[in-house]
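Student: Have a look at this one.
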Amino acid sequence: MELIQLAVPVLLKGLWMTLSLTAISVTIGFNLGLGLAIMRGSDKAWVSGFARYYSIAFRGTPLLVQIFLIYYGLGQIRFVHDVPALWWVVSEGSRCAVLALALNTAAYTSEILRGGLVAVPAGLTEAAKACGMSRAMRFRRIEFPLAIRQALPAYGNELVLMVKGTSLASTITVLEITGYAKRLMSQTFAIFEVFAIAGVLYLALNLVLIGVIRLVERRLMRHTGPAPQTRPVAIPQAS
Amino acid sequence: MKLKVLSLIALLAGAASGAQAEGQLKIGTEGAYPPWSMADANGAVTGFDADVGNMLCTKLAMECVFVVQAFDGLIPALQAKQFDIIISGMSITADRKKEINFSIGYAELANKVVVAKDSDLAGITEIPALLAALDGHSVGVQAGTTHAHFMEKLAPTATLKSYATLDEMQIDLANGRVDAGFADVSALQSFLDKPEGANFQFVDVNIISTFDATLGEGVGVGIRQDDTDLKAKIDTALCELIADGSMKASSEKWFNMDISRPCQ
């Protein structure tokens, strides 16, 4: 009980950092990912090729390796020290973590959105073209709204993975939930209790997130009407 | 018959204790804290800790097996019976004693703060002045160490940055991400001797365990609380090693000074 009183306020401080890391990196990562998904559909080979190789590189390497490369790797390059804007990003662990998380989720987001874009029926795009819509308007009115409906369930999954991915920031001195939990571990040695509370915080955060995604999903899909009845209906027995 | 039953019980007890294989002493050590404990790419451990471990094993007529593990996970791993003892330059402190037992303290090193040569902290010569001046500065320490607890308690307004290993802390010092580093004098000396440490210097203040209890009672071997037999054997062996001068000789080999503590 005493331990809970000690650990919960400390871990809640970390919850704020976890939320910030997730929110900022998802905002950046979603926009980057959308750009990459559009690039994938480009006719120019080097544009679609860049997006494809970006996605392979960032999905094929562990997030922890990317975080270490950015934090310890970039920090050792003289050039990065000399450019104030670059050093501003690399000098602080939390900003390095945001950079790594954003670049990582951009790769996954681009794949998820690309799947959605590919699934848009060609007839709809052609009809919009026939109506005289410009390329940008077609994307805004037809392709993107349909693609996001397709992609939302998979993207919700990616958001949950991102929340959990922020825990790796603790390895580069960032004090988020896991960072504070590790510090509490070495102060109290009550490992089971401390990490159980940390786990509950992540779980609560993700449950809220999943709930929000469900709501958005239901709102976007309201044209399909209420979900079909799944309750078994009693069939009168023929006598 | 009686003997047979007894040996059967001993055998079962041995099997139940898991980590304690017959004739083998599994030693948990950090492996990234020169010159105490250095593990190479093949897992071979050298340094003062390795010497102490090997000398103990010779005395106890057992075979040493080193297990390399991050410092802040050593005590939990000992409790989980991943190994039998800890030899990792670990200071004996009141907090740690609640969890595990310790041998006698066999060595002690002074602790120091290292800063860039042009830092405003560089000229300080007193502990209280240094602690006050750390306000608003970032201090790098190794997670779970007495150094971390010391700074948490006595410099609460400094920004504490905890690293899993001292190597990572030194990289960040060299990269200018932290203003100061706090560790024992030998570990920091090896940093100053490297090219990355060329622009750094010690703050001329020796911080030893008599200043604050968070710094402990010297370095001891960590042992599980129920292993009282093992503790007795290790204490005796350590006293012999201190008395015959081998502890002194080994510490002079690694630290260029005698850091052994008298046997009490």
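So you can find residues: chains in the structure tokens are A, B, ... in the order shown, residues in each start at 1, and ligands are numbered from 1 in order.
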Based on only C-alpha atoms, which of the residues in chain B come within 7 Å of chain A? I want them as a list in words.
Tutor: Asp72, Gly144, Lys161, Ser162, Tyr163, Asn175 and Arg177 of chain B
Student: Please provide as a list in words all residues within 12 Å of B:Leu192, with the sequence filter that same-chain residues fewer than 3 positions apart are discarded (counting only C-alpha atoms).
Tutor: Val113, Val114, Val115, Ala116, Lys117, Gln170, Leu173, Ala174, Gly181, Val185, Ser186, Ala187, Leu188, Gln189, Pro195, Glu196, Gly197, Ala198, Asn199, Phe200, Gln201 and Phe202 of chain B
Student: Might you pull out every residue within 10 Å of B:His137, with only C-alpha atoms counted and same-chain residues fewer than 3 positions away left off, and present them as a count of residues only?
Tutor: 12
Student: Skipping near chain neighbours, those fewer than 2 positions away, what residues fall within 9 Å of B:Gly53 using only C-alpha atoms, listed as number ranges by chain?
Tutor: B: 27, 48-51, 55-58, 64, 66, 87
Student: Can you tell me, as a VMD selection string, what residues are no more than 10 Å from A:Val118 when counting only C-alpha atoms, ignoring any on the same chain fewer than 4 positions away?
Tutor: chain A and resid 41 113 to 114 122 143 147 150
Student: Output N, CA and C atoms for every residue in the selection just made, as a CSV table (one decimal), in the first residue's frame.
Tutor:
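Writing the result to selection-v3.csv gives the following:
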chain,number,residue,atom,x,y,z
A,41,GLY,N,2.4,5.7,-55.3
A,41,GLY,CA,1.5,5.6,-56.4
A,41,GLY,C,2.0,6.4,-57.6
A,113,LEU,N,-1.8,3.0,-45.4
A,113,LEU,CA,-2.6,3.9,-46.2
A,113,LEU,C,-2.5,3.4,-47.7
A,114,ARG,N,-1.4,2.9,-48.1
A,114,ARG,CA,-1.2,2.5,-49.5
A,114,ARG,C,-2.3,1.3,-49.8
A,122,ALA,N,-11.4,1.5,-59.1
A,122,ALA,CA,-10.9,2.3,-60.2
A,122,ALA,C,-12.1,3.1,-60.8
A,143,GLU,N,-10.6,9.6,-53.0
A,143,GLU,CA,-9.6,8.5,-52.7
A,143,GLU,C,-9.3,8.5,-51.2
A,147,ALA,N,-10.0,5.5,-48.6
A,147,ALA,CA,-8.8,4.8,-48.2
A,147,ALA,C,-8.8,4.7,-46.6
A,150,GLN,N,-10.9,2.1,-45.1
A,150,GLN,CA,-10.3,0.8,-45.2
A,150,GLN,C,-9.2,0.6,-44.2
Student: Could you give me the residues within stretch 126-203 of chain B that DSSP places in strand (DSSP E or B), as a CSV table (one decimal) with N, CA and C atoms, in the first residue's frame?
Tutor:
chain,number,residue,atom,x,y,z
B,138,SER,N,22.8,19.4,-15.8
B,138,SER,CA,22.5,18.0,-15.9
B,138,SER,C,23.7,17.2,-15.4
B,139,VAL,N,23.4,16.1,-14.7
B,139,VAL,CA,24.5,15.2,-14.2
B,139,VAL,C,24.2,13.8,-14.7
B,140,GLY,N,25.2,13.2,-15.3
B,140,GLY,CA,25.1,11.8,-15.7
B,140,GLY,C,25.6,10.8,-14.7
B,141,VAL,N,24.8,9.8,-14.4
B,141,VAL,CA,25.2,8.8,-13.5
B,141,VAL,C,24.7,7.4,-14.1
B,142,GLN,N,25.3,6.4,-13.5
B,142,GLN,CA,24.8,5.1,-13.9
B,142,GLN,C,23.6,4.6,-13.1
B,159,THR,N,19.4,18.1,-12.9
B,159,THR,CA,18.7,17.2,-13.8
B,159,THR,C,19.5,15.9,-13.9
B,160,LEU,N,19.0,14.9,-13.3
B,160,LEU,CA,19.7,13.6,-13.3
B,160,LEU,C,19.4,12.8,-14.5
B,161,LYS,N,20.5,12.4,-15.2
B,161,LYS,CA,20.4,11.5,-16.4
B,161,LYS,C,21.0,10.2,-16.1
B,162,SER,N,20.1,9.1,-16.1
B,162,SER,CA,20.6,7.8,-15.7
B,162,SER,C,20.9,7.0,-17.0
B,163,TYR,N,22.0,6.3,-17.0
B,163,TYR,CA,22.4,5.5,-18.1
B,163,TYR,C,22.5,4.0,-17.7
B,180,ALA,N,27.9,17.3,-16.4
B,180,ALA,CA,28.8,16.7,-15.5
B,180,ALA,C,28.6,15.2,-15.4
B,181,GLY,N,29.6,14.4,-15.0
B,181,GLY,CA,29.5,13.0,-14.8
B,181,GLY,C,29.9,12.7,-13.4
B,182,PHE,N,29.2,11.8,-12.7
B,182,PHE,CA,29.6,11.4,-11.3
B,182,PHE,C,29.8,9.9,-11.2
B,183,ALA,N,31.0,9.5,-10.8
B,183,ALA,CA,31.3,8.0,-10.7
B,183,ALA,C,32.5,7.9,-9.8
B,184,ASP,N,33.0,6.7,-9.7
B,184,ASP,CA,34.2,6.6,-8.9
B,184,ASP,C,35.5,7.0,-9.7
B,200,PHE,N,38.2,17.3,-20.8
B,200,PHE,CA,37.5,17.2,-19.5
B,200,PHE,C,38.5,17.2,-18.4
B,201,GLN,N,38.0,17.5,-17.2
B,201,GLN,CA,38.9,17.4,-16.0
B,201,GLN,C,38.0,17.1,-14.8
B,202,PHE,N,38.7,16.6,-13.7
B,202,PHE,CA,38.0,16.4,-12.4
B,202,PHE,C,37.7,17.7,-11.7
Student: Could you pull the residues within 12 Å of A:Thr61, counting only C-alpha atoms, minus those fewer than 5 positions along the same chain, as a list in words?
Tutor: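 The contact residues come out as Tyr54, Ser55, Ile56, Gln66, Ile67, Phe68, Leu69, Ala100, Leu103, Asn104 and Ala107 of chain A.
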Student: Would you save the residues of that selection, restricted to N, CA and C atoms, as a PDB file, in the first residue's frame?
Tutor:
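Final output, again39.pdb:
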ATOM      1  N   TYR A  54      12.435   3.291 -48.455  1.00  0.00           N
ATOM      2  CA  TYR A  54      12.286   3.881 -47.119  1.00  0.00           C
ATOM      3  C   TYR A  54      11.506   2.922 -46.226  1.00  0.00           C
ATOM      4  N   SER A  55      10.391   2.450 -46.784  1.00  0.00           N
ATOM      5  CA  SER A  55       9.526   1.562 -46.015  1.00  0.00           C
ATOM      6  C   SER A  55      10.254   0.267 -45.654  1.00  0.00           C
ATOM      7  N   ILE A  56      11.018  -0.290 -46.603  1.00  0.00           N
ATOM      8  CA  ILE A  56      11.755  -1.532 -46.331  1.00  0.00           C
ATOM      9  C   ILE A  56      12.785  -1.295 -45.229  1.00  0.00           C
ATOM     10  N   GLN A  66      17.156   1.825 -34.387  1.00  0.00           N
ATOM     11  CA  GLN A  66      16.964   3.164 -34.954  1.00  0.00           C
ATOM     12  C   GLN A  66      17.156   4.238 -33.890  1.00  0.00           C
ATOM     13  N   ILE A  67      16.645   3.984 -32.689  1.00  0.00           N
ATOM     14  CA  ILE A  67      16.791   4.966 -31.606  1.00  0.00           C
ATOM     15  C   ILE A  67      18.268   5.149 -31.260  1.00  0.00           C
ATOM     16  N   PHE A  68      19.019   4.047 -31.158  1.00  0.00           N
ATOM     17  CA  PHE A  68      20.443   4.144 -30.826  1.00  0.00           C
ATOM     18  C   PHE A  68      21.216   4.850 -31.934  1.00  0.00           C
ATOM     19  N   LEU A  69      20.858   4.527 -33.196  1.00  0.00           N
ATOM     20  CA  LEU A  69      21.544   5.183 -34.328  1.00  0.00           C
ATOM     21  C   LEU A  69      21.355   6.690 -34.259  1.00  0.00           C
ATOM     22  N   ALA A 100      12.885   9.213 -34.000  1.00  0.00           N
ATOM     23  CA  ALA A 100      12.947   7.793 -34.351  1.00  0.00           C
ATOM     24  C   ALA A 100      11.543   7.202 -34.470  1.00  0.00           C
ATOM     25  N   LEU A 103       9.770   8.578 -37.696  1.00  0.00           N
ATOM     26  CA  LEU A 103      10.277   7.980 -38.933  1.00  0.00           C
ATOM     27  C   LEU A 103       9.833   6.527 -39.039  1.00  0.00           C
ATOM     28  N   ASN A 104       9.797   5.831 -37.895  1.00  0.00           N
ATOM     29  CA  ASN A 104       9.408   4.430 -37.886  1.00  0.00           C
ATOM     30  C   ASN A 104       7.929   4.255 -38.223  1.00  0.00           C
ATOM     31  N   ALA A 107       6.822   4.750 -41.881  1.00  0.00           N
ATOM     32  CA  ALA A 107       6.973   3.607 -42.784  1.00  0.00           C
ATOM     33  C   ALA A 107       5.757   2.688 -42.705  1.00  0.00           C
TER      34      ALA A 107
END
Student: Would you kindly return, as JSON, numbers by chain, each protein, DNA or RNA residue with an atom no farther than 12 Å from any atom of B:Thr214, considering only C-alpha atoms and excluding same-chain residues fewer than 6 positions away?
Tutor: {"A": [187], "B": [91, 92, 93, 94, 95, 96, 144, 145, 146, 147, 148, 149, 150, 151, 152, 153, 154, 207, 208]}
Student: Keeping only C-alpha atoms, write those residues as a PDB file, in the first residue's frame.
Tutor:
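again-v6.pdb, freshly written:
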ATOM      1  CA  GLN A 187      15.296   2.505  -5.316  1.00  0.00           C
TER       2      GLN A 187
ATOM      3  CA  SER B  91      28.999  -0.761  -2.618  1.00  0.00           C
ATOM      4  CA  ILE B  92      27.319  -2.065   0.523  1.00  0.00           C
ATOM      5  CA  THR B  93      24.335   0.200   1.310  1.00  0.00           C
ATOM      6  CA  ALA B  94      21.411   0.082   3.727  1.00  0.00           C
ATOM      7  CA  ASP B  95      18.864  -0.094   0.879  1.00  0.00           C
ATOM      8  CA  ARG B  96      20.633  -2.981  -0.830  1.00  0.00           C
ATOM      9  CA  GLY B 144      20.961   1.974  -9.806  1.00  0.00           C
ATOM     10  CA  THR B 145      24.376   2.980  -8.452  1.00  0.00           C
ATOM     11  CA  THR B 146      25.235   4.665  -5.148  1.00  0.00           C
ATOM     12  CA  HIS B 147      26.195   7.653  -7.313  1.00  0.00           C
ATOM     13  CA  ALA B 148      22.628   7.898  -8.621  1.00  0.00           C
ATOM     14  CA  HIS B 149      21.164   7.689  -5.097  1.00  0.00           C
ATOM     15  CA  PHE B 150      23.678  10.237  -3.804  1.00  0.00           C
ATOM     16  CA  MET B 151      22.692  12.797  -6.460  1.00  0.00           C
ATOM     17  CA  GLU B 152      18.955  12.077  -6.104  1.00  0.00           C
ATOM     18  CA  LYS B 153      19.235  12.821  -2.397  1.00  0.00           C
ATOM     19  CA  LEU B 154      21.804  15.623  -2.220  1.00  0.00           C
ATOM     20  CA  ILE B 207      33.510  12.397  -2.196  1.00  0.00           C
ATOM     21  CA  ILE B 208      33.869   9.348   0.064  1.00  0.00           C
TER      22      ILE B 208
END
Student: Ranking A:Pro145, A:Gly199, A:Gly165, A:Gly115 by minimum distance to A:Arg40 and counting only C-alpha atoms, which one comes first?
Tutor: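 Selected residue with least distance to A:Arg40: A:Gly115.
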Student: Expressed in Å to a single decimal, how great is the separation between atom CA of A:Leu215 and atom CA of A:Tyr155?
Tutor: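 Computing the Euclidean distance for atom CA of A:Leu215 and atom CA of A:Tyr155 yields 13.9 Å.
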Student: So which one's closest to A:Ala196, A:Ile210, A:Leu63, A:Leu11, A:Val160? Using only C-alpha atoms, please.
Tutor: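 Answer, going by the shortest atom-to-atom distance: A:Leu11.
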Student: Could you tell me how far atom CA of A:Glu217 sits from atom CA of A:Ala23, in Å to one decimal place?
Tutor: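 Taking atom CA of A:Ala23 and atom CA of A:Glu217, their separation equals 19.2 Å.
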Student: Between atom CA of B:Glu99 and atom CA of B:Thr228, what distance in Å does the model show, to one decimal?
Tutor: 14.2 Å
Student: Write down as a ChimeraX atom specification the residues of stretch 11-132 of chain A whose backbone DSSP state falls under alpha helix (DSSP H).
Tutor: /A:11-40,45-60,63-68,74-75,78-82,84-90,93-118,122-130
